[in-house]
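Right, one structure below, let's go through it.
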Amino acid sequence: MRERTESATAPDGRRTEAAAPRPLSRNREYNLLWSSNVLSQLGSQATLFAYPLLVLAMTGSVFQASLVEFAVAASRMVAGLPAGTVADRVPRKHVLLASEAVRALALGALAAAIAAGWAPLALILGVAVVEGVSTALFSAADQALLPQVVPQSQWSSAVARNTARYYVATITGPGVGGVLYNAMHVLPFAGQAGASLAAFCTLLFLRAPQERKRIASAESGGLLHHTMTGLRWLCRHRLLRVTVGLTMGFNAVFSGLLLVVIGMAQQAGAEAQVGAIGMLMGAGGVLGALAAPSLRPRLTPHAAVMLLTWGASALVPLLAVLPAGYGYGAVLGCVAFLAPTATAIIATHQMQITPDSMRGRLAGAIGVSLGAASALGSLGGGALLEFSGTVVTVLGATAALVLLALLSTVSSPIRDLAVRGTPEPETE
């Protein structure tokens, strides 16, 4: 499945390299996994702004619009740990296929309801919950499968490319979704159902590694037992606790800002520029992912995290003074540019110290943190904007980022990332 780089000693004493790993661009299984995720995320990004815009059109309430984002994030949070356990207990390809099939059915049903003129908030929230659970399952299986289809020497590059795929979807998805929504409210949701179906078909061609040995060697017990075993294992590792917590805090602020920016643009009469805001944010993320291979050798892991947290702390206050629309997109794009390098470093260290039998549950724990972050960030951002106004909301987000930056600066596990080698995966 993978080619490894082996060191050998030549007769004259020089060390040589044999069987260099093939480039990621020629790794069939990685590219299928990457492409299916892009399709899935493209559909999700097309409805990222369509969901709140639909609810805003129905109710005129930013807070009720935030409930939809909260439903997606909260359901992903609740399902995160069990989803990771499932990804460690059954073939991961099957988990990927099932999650995309269910997502396509749910979004297809919502599209049909909108087309029929009957789409109450309760139905929208129900579909959002299904989408959150499907996202948790897909994410856990996708992250756990990555180290099986990519050589360890390329993990960091693969993580950076995986970060890029989110922003590739972010560039095109919101813009396409905005155009489709303006043409007909049903189209973004029908498009997401079609994208999930296309991802399902792509995954059918994936030749996943044999997983019988891992599944057969798993300890006995039910879903709850395995979930708690993984959670206890995670809690014993300080580096994992700190990095997952840092990721959770940053994503809470960033997720809240996405909804806040939509609401601020809508309140300022710049609703037509919402798609452009998403495209600018996505462009920043893609450029950051392209720059990550060059930045990683020049920055220590600690410096990369500092650049992200302190840089975001300096950029976000600009949202309070810039005119609505493109300026918001520029700020979010600059923050997104800083993220891929730090993300690749942190995720690679997490994979290095996690055994394969626990990678699904690690991914599930990360999914819980992201779900909790998105839920709290979206709900808090929507409530602050509606009840306290723009300036208070932006200052609150800035204060949260400064706190994260200070904690990262003094955190010994984050500082130690700079001096760690390449640790072997730890046993259970």
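How things are named: the first chain in the structure tokens is A, the next is B, and so on; residues count from 1 in each chain; ligands count from 1 in the order shown.
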
At a cut-off of 10 Å, using only C-alpha atoms, what residues contact Leu24 of chain A? Leave out same-chain residues fewer than 3 positions from it and give the result as an MDAnalysis selection string. chainID A and resid 21 27:31 149:151 154:155 157:158 161

Quick one: residues within 7 Å of segment 374-389 of chain A, only C-alpha atoms counted, chain neighbours fewer than 4 positions away excluded, as a count of residues only? 18

Considering only C-alpha atoms, return as an MDAnalysis selection string whatever protein or nucleic-acid residues lie within 6 Å of segment 227-240 of chain A, sequence-local ones (same chain, fewer than 2 positions apart) excluded. chainID A and resid 85 224:225 242:244 361 413

Do you know which residues are at most 6 Å from segment 334-348 of chain A counting only C-alpha atoms, after dropping those on the same chain fewer than 6 positions away, and could you put them as an MDAnalysis selection string? chainID A and resid 156 159:160 284:285 288:289 292 304:305 308 312

Save the residues we just selected, C-alpha atoms, as a PDB file, in the first residue's frame?
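Once everything was written out, this is result-v5.pdb:
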ATOM      1  CA  SER A 156       2.699  16.723   7.674  1.00  0.00           C
ATOM      2  CA  VAL A 159      -2.346  17.295   6.799  1.00  0.00           C
ATOM      3  CA  ALA A 160      -1.532  20.636   5.149  1.00  0.00           C
ATOM      4  CA  GLY A 284      -6.400  32.941   2.421  1.00  0.00           C
ATOM      5  CA  GLY A 285      -6.597  29.358   3.658  1.00  0.00           C
ATOM      6  CA  GLY A 288      -1.635  29.382   3.667  1.00  0.00           C
ATOM      7  CA  ALA A 289      -1.698  25.681   2.830  1.00  0.00           C
ATOM      8  CA  ALA A 292       2.976  25.758   4.755  1.00  0.00           C
ATOM      9  CA  ALA A 304       3.866  28.790  14.367  1.00  0.00           C
ATOM     10  CA  VAL A 305       1.277  28.619  17.144  1.00  0.00           C
ATOM     11  CA  LEU A 308      -1.527  32.132  14.589  1.00  0.00           C
ATOM     12  CA  ALA A 312      -5.482  36.613  14.904  1.00  0.00           C
TER      13      ALA A 312
END

Out of segment 299-365 of chain A, which residues get alpha helix (DSSP H) from DSSP, as a PyMOL selection string? chain A and resi 301-315+326-352+356-365

Show which residues sit within 8 Å of Val168 of chain A, as a list of chain:residue names. Count only C-alpha atoms, and ignore same-chain residues fewer than 2 positions away. A:Val38, A:Ala164, A:Arg165, A:Tyr166, A:Thr170, A:Ile171, A:Thr172, A:Gly282, A:Ala283, A:Gly285, A:Val286

I need the chosen residues saved as a short mmCIF file (atom, residue, chain, number, x, y, z; two decimals), in the first residue's frame, with N, CA and C atoms.
data_model
loop_
_atom_site.label_atom_id
_atom_site.label_comp_id
_atom_site.auth_asym_id
_atom_site.auth_seq_id
_atom_site.Cartn_x
_atom_site.Cartn_y
_atom_site.Cartn_z
N VAL A 38 -13.35 16.64 -0.42
CA VAL A 38 -13.59 17.93 -1.08
C VAL A 38 -15.03 18.02 -1.55
N ALA A 164 -5.99 22.45 3.17
CA ALA A 164 -6.27 23.20 1.94
C ALA A 164 -7.61 22.82 1.34
N ARG A 165 -7.98 21.53 1.46
CA ARG A 165 -9.23 21.11 0.81
C ARG A 165 -10.44 21.81 1.44
N TYR A 166 -10.35 22.06 2.75
CA TYR A 166 -11.44 22.81 3.39
C TYR A 166 -11.55 24.20 2.78
N THR A 170 -14.19 26.23 0.63
CA THR A 170 -14.66 27.51 1.14
C THR A 170 -14.62 28.59 0.06
N ILE A 171 -13.62 28.52 -0.82
CA ILE A 171 -13.53 29.50 -1.90
C ILE A 171 -14.73 29.39 -2.84
N THR A 172 -15.01 28.16 -3.26
CA THR A 172 -16.03 27.96 -4.29
C THR A 172 -17.42 27.73 -3.72
N GLY A 282 -11.56 31.67 2.08
CA GLY A 282 -11.03 30.44 1.50
C GLY A 282 -9.74 30.65 0.76
N ALA A 283 -9.63 31.77 0.04
CA ALA A 283 -8.39 32.06 -0.68
C ALA A 283 -7.22 32.18 0.29
N GLY A 285 -6.93 30.69 3.17
CA GLY A 285 -6.60 29.36 3.66
C GLY A 285 -5.82 28.54 2.65
N VAL A 286 -6.21 28.61 1.38
CA VAL A 286 -5.48 27.87 0.34
C VAL A 286 -4.06 28.40 0.19
#

Using only C-alpha atoms: which of A:Pro209, A:Gly249, A:Gly263, A:Gly360 has the shortest distance to Gln148 of chain A: A:Pro209
